[in-house]
file my_file-v3.cif (mmCIF, C-alpha atoms, pLDDT in the B column; chains and numbers go by the auth columns)
data_model
#
loop_
_atom_site.group_PDB
_atom_site.id
_atom_site.type_symbol
_atom_site.label_atom_id
_atom_site.label_comp_id
_atom_site.label_asym_id
_atom_site.label_seq_id
_atom_site.Cartn_x
_atom_site.Cartn_y
_atom_site.Cartn_z
_atom_site.B_iso_or_equiv
_atom_site.auth_seq_id
_atom_site.auth_asym_id
ATOM 1 C CA GLU A 1 0.000 0.000 0.000 84.00 1 P
ATOM 2 C CA ASP A 2 1.450 3.360 -1.035 89.00 2 P
ATOM 3 C CA LYS A 3 1.994 5.832 1.780 94.00 3 P
ATOM 4 C CA VAL A 4 2.770 9.548 2.014 97.00 4 P
ATOM 5 C CA VAL A 5 3.642 11.356 5.241 97.00 5 P
ATOM 6 C CA GLN A 6 3.945 15.110 5.449 98.00 6 P
ATOM 7 C CA SER A 7 5.502 17.200 8.179 97.00 7 P
ATOM 8 C CA PRO A 8 4.873 19.395 9.949 97.00 8 P
ATOM 9 C CA LEU A 9 1.081 19.083 9.996 97.00 9 P
ATOM 10 C CA SER A 10 0.757 22.791 10.671 97.00 10 P
ATOM 11 C CA LEU A 11 3.019 25.777 10.637 97.00 11 P
ATOM 12 C CA VAL A 12 2.521 29.396 11.661 98.00 12 P
ATOM 13 C CA VAL A 13 4.986 32.006 10.424 98.00 13 P
ATOM 14 C CA HIS A 14 5.201 35.721 9.787 98.00 14 P
ATOM 15 C CA GLU A 15 5.460 37.419 6.436 98.00 15 P
ATOM 16 C CA GLY A 16 8.976 37.336 5.104 98.00 16 P
ATOM 17 C CA ASP A 17 9.897 34.052 6.768 98.00 17 P
ATOM 18 C CA THR A 18 11.194 31.083 4.789 98.00 18 P
ATOM 19 C CA VAL A 19 9.461 27.727 5.279 98.00 19 P
ATOM 20 C CA THR A 20 10.349 24.158 4.376 98.00 20 P
ATOM 21 C CA LEU A 21 7.652 21.532 4.052 98.00 21 P
ATOM 22 C CA ASN A 22 8.556 17.865 4.084 98.00 22 P
ATOM 23 C CA CYS A 23 7.112 14.866 2.325 98.00 23 P
ATOM 24 C CA SER A 24 8.290 11.281 2.691 98.00 24 P
ATOM 25 C CA TYR A 25 6.798 8.416 0.741 96.00 25 P
ATOM 26 C CA GLU A 26 6.647 4.704 0.177 94.00 26 P
ATOM 27 C CA VAL A 27 5.488 3.554 -3.227 89.00 27 P
ATOM 28 C CA THR A 28 5.830 0.235 -4.993 86.00 28 P
ATOM 29 C CA ASN A 29 6.576 1.599 -8.450 86.00 29 P
ATOM 30 C CA PHE A 30 7.414 5.299 -8.324 87.00 30 P
ATOM 31 C CA ARG A 31 6.231 7.369 -11.255 86.00 31 P
ATOM 32 C CA SER A 32 6.047 10.936 -9.972 89.00 32 P
ATOM 33 C CA LEU A 33 5.636 13.133 -6.903 93.00 33 P
ATOM 34 C CA LEU A 34 3.367 16.150 -7.033 94.00 34 P
ATOM 35 C CA TRP A 35 2.810 19.195 -4.856 97.00 35 P
ATOM 36 C CA TYR A 36 -0.538 20.982 -4.736 97.00 36 P
ATOM 37 C CA LYS A 37 -1.783 24.075 -2.919 97.00 37 P
ATOM 38 C CA GLN A 38 -5.350 24.000 -1.607 96.00 38 P
ATOM 39 C CA GLU A 39 -6.935 27.213 -0.389 93.00 39 P
ATOM 40 C CA LYS A 40 -10.704 26.905 -0.450 81.00 40 P
ATOM 41 C CA LYS A 41 -11.709 24.280 -2.925 79.00 41 P
ATOM 42 C CA ALA A 42 -9.689 22.778 -5.746 89.00 42 P
ATOM 43 C CA PRO A 43 -6.087 21.765 -5.170 94.00 43 P
ATOM 44 C CA THR A 44 -4.005 23.785 -7.611 95.00 44 P
ATOM 45 C CA PHE A 45 -0.948 22.212 -9.165 95.00 45 P
ATOM 46 C CA LEU A 46 2.480 23.470 -8.127 96.00 46 P
ATOM 47 C CA PHE A 47 5.162 20.976 -9.173 94.00 47 P
ATOM 48 C CA MET A 48 5.662 17.526 -10.594 92.00 48 P
ATOM 49 C CA LEU A 49 8.963 15.811 -9.790 93.00 49 P
ATOM 50 C CA THR A 50 10.184 12.673 -11.453 88.00 50 P
ATOM 51 C CA SER A 51 13.980 12.852 -11.271 79.00 51 P
ATOM 52 C CA SER A 52 16.207 13.010 -8.241 81.00 52 P
ATOM 53 C CA GLY A 53 18.241 16.121 -7.493 80.00 53 P
ATOM 54 C CA ILE A 54 16.632 18.411 -10.045 84.00 54 P
ATOM 55 C CA GLU A 55 15.124 21.470 -8.425 89.00 55 P
ATOM 56 C CA LYS A 56 11.890 22.840 -9.800 93.00 56 P
ATOM 57 C CA LYS A 57 11.307 26.557 -9.244 95.00 57 P
ATOM 58 C CA SER A 58 8.418 28.918 -9.668 95.00 58 P
ATOM 59 C CA GLY A 59 8.904 32.366 -8.232 97.00 59 P
ATOM 60 C CA ARG A 60 9.372 32.066 -4.481 98.00 60 P
ATOM 61 C CA LEU A 61 8.516 28.367 -4.468 98.00 61 P
ATOM 62 C CA SER A 62 10.931 25.558 -5.164 97.00 62 P
ATOM 63 C CA SER A 63 10.955 21.820 -4.712 97.00 63 P
ATOM 64 C CA ILE A 64 13.394 18.970 -4.950 95.00 64 P
ATOM 65 C CA LEU A 65 13.141 15.201 -4.878 95.00 65 P
ATOM 66 C CA ASP A 66 15.471 12.613 -3.364 93.00 66 P
ATOM 67 C CA LYS A 67 14.524 9.217 -4.781 88.00 67 P
ATOM 68 C CA LYS A 68 17.196 7.397 -2.799 90.00 68 P
ATOM 69 C CA GLU A 69 15.947 8.655 0.554 90.00 69 P
ATOM 70 C CA LEU A 70 12.309 8.747 -0.614 94.00 70 P
ATOM 71 C CA PHE A 71 11.454 12.316 0.265 95.00 71 P
ATOM 72 C CA SER A 72 10.777 15.711 -1.180 97.00 72 P
ATOM 73 C CA ILE A 73 10.814 19.232 0.211 97.00 73 P
ATOM 74 C CA LEU A 74 8.881 22.313 -0.771 98.00 74 P
ATOM 75 C CA ASN A 75 10.500 25.633 0.050 98.00 75 P
ATOM 76 C CA ILE A 76 8.732 28.959 0.152 98.00 76 P
ATOM 77 C CA THR A 77 10.901 32.040 0.595 98.00 77 P
ATOM 78 C CA ALA A 78 9.756 35.521 1.644 98.00 78 P
ATOM 79 C CA THR A 79 6.318 34.190 2.590 98.00 79 P
ATOM 80 C CA GLN A 80 3.235 36.330 2.061 98.00 80 P
ATOM 81 C CA THR A 81 -0.239 36.119 3.597 97.00 81 P
ATOM 82 C CA GLY A 82 -1.456 34.782 0.263 96.00 82 P
ATOM 83 C CA ASP A 83 0.696 31.697 0.787 98.00 83 P
ATOM 84 C CA SER A 84 -1.628 30.639 3.625 98.00 84 P
ATOM 85 C CA ALA A 85 -3.129 27.345 2.483 98.00 85 P
ATOM 86 C CA VAL A 86 -2.928 23.592 2.836 97.00 86 P
ATOM 87 C CA TYR A 87 0.000 22.149 0.910 98.00 87 P
ATOM 88 C CA LEU A 88 -0.544 18.619 -0.327 98.00 88 P
ATOM 89 C CA CYS A 89 2.055 16.129 -1.447 98.00 89 P
ATOM 90 C CA ALA A 90 1.028 13.158 -3.572 96.00 90 P
ATOM 91 C CA VAL A 91 2.743 10.247 -5.279 93.00 91 P
ATOM 92 C CA GLU A 92 1.715 8.430 -8.400 89.00 92 P
ATOM 93 C CA ASP A 93 2.357 4.717 -8.665 84.00 93 P
ATOM 94 C CA GLY A 94 3.255 3.460 -12.113 79.00 94 P
ATOM 95 C CA GLY A 95 2.416 0.049 -13.449 72.00 95 P
ATOM 96 C CA THR A 96 -1.306 -0.584 -13.661 70.00 96 P
ATOM 97 C CA SER A 97 -2.303 1.905 -10.965 75.00 97 P
ATOM 98 C CA TYR A 98 -3.855 4.251 -13.483 80.00 98 P
ATOM 99 C CA GLY A 99 -4.864 7.737 -12.453 82.00 99 P
ATOM 100 C CA LYS A 100 -4.400 7.176 -8.727 88.00 100 P
ATOM 101 C CA LEU A 101 -2.629 9.720 -6.587 91.00 101 P
ATOM 102 C CA THR A 102 -1.909 8.858 -2.958 94.00 102 P
ATOM 103 C CA PHE A 103 -1.984 12.004 -0.851 96.00 103 P
ATOM 104 C CA GLY A 104 -0.386 12.930 2.437 97.00 104 P
ATOM 105 C CA GLN A 105 -2.376 14.568 5.223 96.00 105 P
ATOM 106 C CA GLY A 106 -1.289 18.000 4.121 97.00 106 P
ATOM 107 C CA THR A 107 0.572 20.817 5.889 98.00 107 P
ATOM 108 C CA ILE A 108 -1.542 23.760 7.004 97.00 108 P
ATOM 109 C CA LEU A 109 0.525 26.908 6.518 98.00 109 P
ATOM 110 C CA THR A 110 -0.622 30.132 8.149 98.00 110 P
ATOM 111 C CA VAL A 111 1.272 33.318 7.348 98.00 111 P
ATOM 112 C CA HIS A 112 0.584 36.281 9.639 97.00 112 P
ATOM 113 C CA PRO A 113 1.182 39.869 8.484 95.00 113 P
ATOM 114 C CA LYS B 1 -8.512 26.819 -22.030 68.00 1 O
ATOM 115 C CA ALA B 2 -11.305 26.204 -19.532 82.00 2 O
ATOM 116 C CA GLY B 3 -10.474 24.216 -16.434 93.00 3 O
ATOM 117 C CA VAL B 4 -12.170 21.190 -14.964 96.00 4 O
ATOM 118 C CA THR B 5 -15.793 21.910 -14.118 97.00 5 O
ATOM 119 C CA GLN B 6 -18.006 20.075 -11.664 97.00 6 O
ATOM 120 C CA THR B 7 -21.715 20.285 -11.066 97.00 7 O
ATOM 121 C CA PRO B 8 -23.456 20.814 -8.816 97.00 8 O
ATOM 122 C CA ARG B 9 -21.177 22.720 -6.460 96.00 9 O
ATOM 123 C CA TYR B 10 -23.290 22.003 -3.382 97.00 10 O
ATOM 124 C CA LEU B 11 -25.758 19.258 -2.627 97.00 11 O
ATOM 125 C CA ILE B 12 -27.808 18.327 0.414 97.00 12 O
ATOM 126 C CA LYS B 13 -29.361 14.880 0.600 97.00 13 O
ATOM 127 C CA THR B 14 -30.853 12.632 3.251 97.00 14 O
ATOM 128 C CA ARG B 15 -29.761 9.159 4.260 97.00 15 O
ATOM 129 C CA GLY B 16 -30.868 6.448 1.872 97.00 16 O
ATOM 130 C CA GLN B 17 -31.099 8.706 -1.154 98.00 17 O
ATOM 131 C CA GLN B 18 -28.824 8.491 -4.143 98.00 18 O
ATOM 132 C CA VAL B 19 -26.827 11.227 -5.833 98.00 19 O
ATOM 133 C CA THR B 20 -25.132 11.802 -9.190 98.00 20 O
ATOM 134 C CA LEU B 21 -22.216 14.188 -9.586 98.00 21 O
ATOM 135 C CA SER B 22 -20.856 15.408 -12.904 98.00 22 O
ATOM 136 C CA CYS B 23 -17.369 16.319 -14.083 98.00 23 O
ATOM 137 C CA SER B 24 -16.273 17.874 -17.368 98.00 24 O
ATOM 138 C CA PRO B 25 -12.527 17.542 -17.950 96.00 25 O
ATOM 139 C CA ILE B 26 -10.209 20.029 -19.586 95.00 26 O
ATOM 140 C CA SER B 27 -10.673 19.924 -23.344 94.00 27 O
ATOM 141 C CA GLY B 28 -8.511 17.194 -24.827 90.00 28 O
ATOM 142 C CA HIS B 29 -8.028 15.367 -21.531 91.00 29 O
ATOM 143 C CA ARG B 30 -9.111 11.760 -21.658 91.00 30 O
ATOM 144 C CA SER B 31 -8.474 10.517 -18.126 92.00 31 O
ATOM 145 C CA VAL B 32 -10.769 11.447 -15.249 95.00 32 O
ATOM 146 C CA SER B 33 -10.086 10.490 -11.643 94.00 33 O
ATOM 147 C CA TRP B 34 -12.437 10.950 -8.692 97.00 34 O
ATOM 148 C CA TYR B 35 -11.455 11.597 -5.080 97.00 35 O
ATOM 149 C CA GLN B 36 -13.274 11.962 -1.776 98.00 36 O
ATOM 150 C CA GLN B 37 -11.919 14.524 0.673 96.00 37 O
ATOM 151 C CA THR B 38 -12.895 14.493 4.357 95.00 38 O
ATOM 152 C CA PRO B 39 -11.244 16.134 7.369 91.00 39 O
ATOM 153 C CA GLY B 40 -10.471 12.759 8.916 88.00 40 O
ATOM 154 C CA GLN B 41 -9.254 10.760 5.919 91.00 41 O
ATOM 155 C CA GLY B 42 -7.927 13.473 3.642 92.00 42 O
ATOM 156 C CA LEU B 43 -8.001 12.909 -0.105 95.00 43 O
ATOM 157 C CA GLN B 44 -8.780 9.341 -1.090 96.00 44 O
ATOM 158 C CA PHE B 45 -8.907 7.896 -4.566 95.00 45 O
ATOM 159 C CA LEU B 46 -12.256 6.549 -5.741 97.00 46 O
ATOM 160 C CA PHE B 47 -11.743 5.481 -9.375 94.00 47 O
ATOM 161 C CA GLU B 48 -10.317 6.467 -12.731 93.00 48 O
ATOM 162 C CA TYR B 49 -11.818 6.361 -16.208 94.00 49 O
ATOM 163 C CA PHE B 50 -10.173 6.495 -19.594 92.00 50 O
ATOM 164 C CA SER B 51 -11.920 6.058 -22.932 91.00 51 O
ATOM 165 C CA GLU B 52 -15.177 5.118 -21.193 94.00 52 O
ATOM 166 C CA THR B 53 -13.464 2.312 -19.252 93.00 53 O
ATOM 167 C CA GLN B 54 -12.791 2.120 -15.547 93.00 54 O
ATOM 168 C CA ARG B 55 -9.122 1.274 -15.268 91.00 55 O
ATOM 169 C CA ASN B 56 -8.574 1.611 -11.548 90.00 56 O
ATOM 170 C CA LYS B 57 -10.667 1.567 -8.409 93.00 57 O
ATOM 171 C CA GLY B 58 -9.961 2.545 -4.818 93.00 58 O
ATOM 172 C CA ASN B 59 -11.148 0.892 -1.619 93.00 59 O
ATOM 173 C CA PHE B 60 -14.718 2.124 -1.521 96.00 60 O
ATOM 174 C CA PRO B 61 -17.908 0.062 -1.291 96.00 61 O
ATOM 175 C CA GLY B 62 -19.940 -0.819 -4.340 95.00 62 O
ATOM 176 C CA ARG B 63 -22.388 2.008 -3.536 97.00 63 O
ATOM 177 C CA PHE B 64 -19.869 4.255 -5.248 98.00 64 O
ATOM 178 C CA SER B 65 -19.883 3.902 -9.007 97.00 65 O
ATOM 179 C CA GLY B 66 -19.068 5.954 -12.030 97.00 66 O
ATOM 180 C CA ARG B 67 -19.001 6.118 -15.767 97.00 67 O
ATOM 181 C CA GLN B 68 -17.424 8.086 -18.554 97.00 68 O
ATOM 182 C CA PHE B 69 -18.984 9.202 -21.796 97.00 69 O
ATOM 183 C CA SER B 70 -17.495 9.351 -25.271 96.00 70 O
ATOM 184 C CA ASN B 71 -16.758 13.075 -24.837 95.00 71 O
ATOM 185 C CA SER B 72 -14.710 12.222 -21.705 95.00 72 O
ATOM 186 C CA ARG B 73 -17.250 13.771 -19.343 98.00 73 O
ATOM 187 C CA SER B 74 -17.698 11.630 -16.271 98.00 74 O
ATOM 188 C CA GLU B 75 -20.337 11.045 -13.646 98.00 75 O
ATOM 189 C CA MET B 76 -20.132 9.381 -10.283 98.00 76 O
ATOM 190 C CA ASN B 77 -23.077 7.960 -8.413 98.00 77 O
ATOM 191 C CA VAL B 78 -23.491 7.175 -4.753 98.00 78 O
ATOM 192 C CA SER B 79 -26.477 5.064 -3.817 95.00 79 O
ATOM 193 C CA THR B 80 -28.064 4.539 -0.391 96.00 80 O
ATOM 194 C CA LEU B 81 -26.320 7.547 1.082 97.00 81 O
ATOM 195 C CA GLU B 82 -24.888 7.350 4.593 97.00 82 O
ATOM 196 C CA LEU B 83 -23.950 10.178 6.943 97.00 83 O
ATOM 197 C CA GLY B 84 -20.289 9.306 6.435 96.00 84 O
ATOM 198 C CA ASP B 85 -20.559 10.069 2.731 97.00 85 O
ATOM 199 C CA SER B 86 -20.632 13.777 3.551 97.00 86 O
ATOM 200 C CA ALA B 87 -17.495 15.099 1.897 97.00 87 O
ATOM 201 C CA LEU B 88 -15.986 17.200 -0.836 97.00 88 O
ATOM 202 C CA TYR B 89 -15.905 15.166 -4.025 98.00 89 O
ATOM 203 C CA LEU B 90 -13.171 16.216 -6.401 97.00 90 O
ATOM 204 C CA CYS B 91 -12.521 15.141 -9.917 97.00 91 O
ATOM 205 C CA ALA B 92 -9.258 15.589 -11.751 95.00 92 O
ATOM 206 C CA SER B 93 -8.418 15.256 -15.407 94.00 93 O
ATOM 207 C CA SER B 94 -5.196 14.531 -17.203 91.00 94 O
ATOM 208 C CA LEU B 95 -4.121 14.208 -20.785 87.00 95 O
ATOM 209 C CA GLU B 96 -3.006 10.564 -20.560 75.00 96 O
ATOM 210 C CA GLY B 97 -1.440 10.327 -23.950 55.00 97 O
ATOM 211 C CA PRO B 98 -1.378 7.129 -25.960 49.00 98 O
ATOM 212 C CA LEU B 99 1.963 6.075 -24.464 53.00 99 O
ATOM 213 C CA ARG B 100 1.656 5.153 -20.800 55.00 100 O
ATOM 214 C CA GLY B 101 5.201 6.279 -20.197 52.00 101 O
ATOM 215 C CA HIS B 102 4.189 9.895 -20.618 53.00 102 O
ATOM 216 C CA THR B 103 3.738 11.505 -17.222 61.00 103 O
ATOM 217 C CA ASP B 104 0.620 13.624 -17.046 76.00 104 O
ATOM 218 C CA THR B 105 -0.357 16.103 -14.387 88.00 105 O
ATOM 219 C CA GLN B 106 -3.792 15.823 -12.829 91.00 106 O
ATOM 220 C CA TYR B 107 -5.730 19.094 -12.682 93.00 107 O
ATOM 221 C CA PHE B 108 -8.548 19.355 -10.196 96.00 108 O
ATOM 222 C CA GLY B 109 -12.026 20.803 -10.455 96.00 109 O
ATOM 223 C CA PRO B 110 -13.631 22.947 -7.714 95.00 110 O
ATOM 224 C CA GLY B 111 -15.413 19.980 -6.209 96.00 111 O
ATOM 225 C CA THR B 112 -18.957 19.161 -5.153 97.00 112 O
ATOM 226 C CA ARG B 113 -19.698 19.593 -1.462 97.00 113 O
ATOM 227 C CA LEU B 114 -22.131 16.814 -0.489 98.00 114 O
ATOM 228 C CA THR B 115 -23.916 16.986 2.842 97.00 115 O
ATOM 229 C CA VAL B 116 -25.936 13.975 3.966 97.00 116 O
ATOM 230 C CA LEU B 117 -28.495 14.634 6.703 96.00 117 O
#
call {"tool": "encode", "arguments": {"input": "my_file-v3.cif", "output": "structure tokens"}}
result
Amino acid sequence: EDKVVQSPLSLVVHEGDTVTLNCSYEVTNFRSLLWYKQEKKAPTFLFMLTSSGIEKKSGRLSSILDKKELFSILNITATQTGDSAVYLCAVEDGGTSYGKLTFGQGTILTVHP
Amino acid sequence: KAGVTQTPRYLIKTRGQQVTLSCSPISGHRSVSWYQQTPGQGLQFLFEYFSETQRNKGNFPGRFSGRQFSNSRSEMNVSTLELGDSALYLCASSLEGPLRGHTDTQYFGPGTRLTVL
């Protein structure tokens, strides 16, 4: 059974702080790891990682994958109140496990002004 | 390009009733996955459809079913509703090209909030 564990479960910071969110996983046949941001309704896609050691960046957000140690981190620098959300990590199993993402519990990030 | 759309956005039903939720994927996307999100269990995979065929199914009882139409639109049905079925139901679509080796991102719709009384 695939498994994803995120830490911390919640985090409270002030604007301008840098945060690191962690995601560890167990998957039978790794295909990809994805990060999503969920504010009110739909999770919105942030990054997809498939190769170890290659950092993906988008503005103040960046993420990297370590396939040997089975984890990923999501960094957010110079946080803003608009970054307040639940950040979800998910893994996709290859093989015949079509269309299934296994999600972690999520990290609730609260950014105070 | 329009995103994934789901209807209705909110639904209130009573125990024992049945409900049908609809999902229209992003144009050109052929794979549709359904998820249930609850505060206690988080996001859990229900099933996935591609070319009108269910290819994968999660660990949910048979009361949960779905189908996909030739235009890739999908519906899910829950029969004999229980209080525990109250949740946000999300669908996600991906391109799922002809070669399985291609890695596709799943994009989520806004969800249908189902409340069972």
call {"tool": "closest_atom_pairs", "arguments": {"input": "my_file-v3.cif", "of": "chain P", "to": "chain O", "cutoff": "8 Å", "atoms": "all atoms listed in the file", "output": "Markdown table"}}
result
| residue | atom | partner | partner_atom | distance |
| --- | --- | --- | --- | --- |
| P:Arg31 | CA | O:Thr103 | CA | 7.7 |
| P:Ser32 | CA | O:Thr103 | CA | 7.6 |
| P:Lys41 | CA | O:Pro110 | CA | 5.3 |
| P:Ala42 | CA | O:Pro110 | CA | 4.4 |
| P:Pro43 | CA | O:Phe108 | CA | 6.1 |
| P:Thr44 | CA | O:Phe108 | CA | 6.9 |
| P:Phe45 | CA | O:Tyr107 | CA | 6.7 |
| P:Met48 | CA | O:Thr105 | CA | 7.3 |
| P:Thr96 | CA | O:Asn56 | CA | 7.9 |
| P:Ser97 | CA | O:Asn56 | CA | 6.3 |
| P:Tyr98 | CA | O:Asn56 | CA | 5.7 |
| P:Gly99 | CA | O:Glu48 | CA | 5.6 |
| P:Lys100 | CA | O:Phe45 | CA | 6.2 |
| P:Leu101 | CA | O:Phe45 | CA | 6.8 |
| P:Thr102 | CA | O:Gln44 | CA | 7.1 |
| P:Phe103 | CA | O:Leu43 | CA | 6.1 |
| P:Gly104 | CA | O:Gly42 | CA | 7.7 |
| P:Gln105 | CA | O:Gly42 | CA | 5.9 |
call {"tool": "closest_residue", "arguments": {"input": "my_file-v3.cif", "among": "P:Gly106, P:Leu9, P:Ser52, P:Glu26", "to": "P:Leu88", "atoms": "all atoms listed in the file"}}
result
P:Gly106
call {"tool": "atom_distance", "arguments": {"input": "my_file-v3.cif", "atom1": "atom CA of P:Thr79", "atom2": "atom CA of P:Thr18"}}
result
6.2 Å
call {"tool": "atom_distance", "arguments": {"input": "my_file-v3.cif", "atom1": "atom CA of O:Ser72", "atom2": "atom CA of O:Leu11"}}
result
23.1 Å
call {"tool": "resolve_selection", "arguments": {"input": "my_file-v3.cif", "expression": "the PyMOL selection byres ((chain O and resi 82) around 12)", "output": "VMD selection string"}}
result
chain O and resid 13 to 19 61 63 to 64 78 to 81 83 to 87 114 to 117
call {"tool": "write_last_selection", "arguments": {"input": "my_file-v3.cif", "atoms": "C-alpha atoms", "output": "short mmCIF file (atom, residue, chain, number, x, y, z; two decimals), in the frame of the given file"}}
result
data_model
loop_
_atom_site.label_atom_id
_atom_site.label_comp_id
_atom_site.auth_asym_id
_atom_site.auth_seq_id
_atom_site.Cartn_x
_atom_site.Cartn_y
_atom_site.Cartn_z
CA LYS O 13 -29.36 14.88 0.60
CA THR O 14 -30.85 12.63 3.25
CA ARG O 15 -29.76 9.16 4.26
CA GLY O 16 -30.87 6.45 1.87
CA GLN O 17 -31.10 8.71 -1.15
CA GLN O 18 -28.82 8.49 -4.14
CA VAL O 19 -26.83 11.23 -5.83
CA PRO O 61 -17.91 0.06 -1.29
CA ARG O 63 -22.39 2.01 -3.54
CA PHE O 64 -19.87 4.26 -5.25
CA VAL O 78 -23.49 7.18 -4.75
CA SER O 79 -26.48 5.06 -3.82
CA THR O 80 -28.06 4.54 -0.39
CA LEU O 81 -26.32 7.55 1.08
CA LEU O 83 -23.95 10.18 6.94
CA GLY O 84 -20.29 9.31 6.44
CA ASP O 85 -20.56 10.07 2.73
CA SER O 86 -20.63 13.78 3.55
CA ALA O 87 -17.50 15.10 1.90
CA LEU O 114 -22.13 16.81 -0.49
CA THR O 115 -23.92 16.99 2.84
CA VAL O 116 -25.94 13.98 3.97
CA LEU O 117 -28.50 14.63 6.70
#
call {"tool": "atom_distance", "arguments": {"input": "my_file-v3.cif", "atom1": "atom CA of P:Leu65", "atom2": "atom CA of P:Leu49"}}
result
6.5 Å
call {"tool": "residues_around", "arguments": {"input": "my_file-v3.cif", "residues": "O:Thr20", "least_positions_apart": "5", "cutoff": "7 Å", "atoms": "all atoms listed in the file", "output": "list in words"}}
result
Glu75, Met76, Asn77 and Val78 of chain O
call {"tool": "resolve_selection", "arguments": {"input": "my_file-v3.cif", "expression": "the PyMOL selection byres ((chain P and resi 59) around 12)", "output": "MDAnalysis selection string"}}
result
chainID P and resid 46 56:58 60:63 75:79
call {"tool": "residues_near_point", "arguments": {"input": "my_file-v3.cif", "point": "(-5.2, 28.2, 4.4)", "cutoff": "10 Å", "atoms": "only C-alpha atoms", "output": "ChimeraX atom specification"}}
result
/P:37-40,81-87,107-111
call {"tool": "write_last_selection", "arguments": {"input": "my_file-v3.cif", "atoms": "C-alpha atoms", "output": "PDB file, keeping the file's coordinate frame"}}
result
ATOM      1  CA  LYS P  37      -1.783  24.075  -2.919  1.00 97.00           C
ATOM      2  CA  GLN P  38      -5.350  24.000  -1.607  1.00 96.00           C
ATOM      3  CA  GLU P  39      -6.935  27.213  -0.389  1.00 93.00           C
ATOM      4  CA  LYS P  40     -10.704  26.905  -0.450  1.00 81.00           C
ATOM      5  CA  THR P  81      -0.239  36.119   3.597  1.00 97.00           C
ATOM      6  CA  GLY P  82      -1.456  34.782   0.263  1.00 96.00           C
ATOM      7  CA  ASP P  83       0.696  31.697   0.787  1.00 98.00           C
ATOM      8  CA  SER P  84      -1.628  30.639   3.625  1.00 98.00           C
ATOM      9  CA  ALA P  85      -3.129  27.345   2.483  1.00 98.00           C
ATOM     10  CA  VAL P  86      -2.928  23.592   2.836  1.00 97.00           C
ATOM     11  CA  TYR P  87       0.000  22.149   0.910  1.00 98.00           C
ATOM     12  CA  THR P 107       0.572  20.817   5.889  1.00 98.00           C
ATOM     13  CA  ILE P 108      -1.542  23.760   7.004  1.00 97.00           C
ATOM     14  CA  LEU P 109       0.525  26.908   6.518  1.00 98.00           C
ATOM     15  CA  THR P 110      -0.622  30.132   8.149  1.00 98.00           C
ATOM     16  CA  VAL P 111       1.272  33.318   7.348  1.00 98.00           C
TER      17      VAL P 111
END
call {"tool": "axis_aligned_box", "arguments": {"input": "my_file-v3.cif", "around": "stretch 59-67 of chain O", "padding_each_side": "8 Å", "output": "lines of an AutoDock Vina configuration file"}}
result
center_x = -16.8
center_y = 2.6
center_z = -8.5
size_x = 27.2
size_y = 22.9
size_z = 30.5
call {"tool": "closest_residue", "arguments": {"input": "my_file-v3.cif", "among": "O:Ile12, O:Thr53, O:Asn59, O:Ser74", "to": "O:Ile26", "atoms": "all atoms listed in the file"}}
result
O:Ser74
call {"tool": "resolve_selection", "arguments": {"input": "my_file-v3.cif", "expression": "the PyMOL selection byres ((chain O and resi 7) around 8)", "output": "ChimeraX atom specification"}}
result
/O:5-6,8-9,21-23,111-112
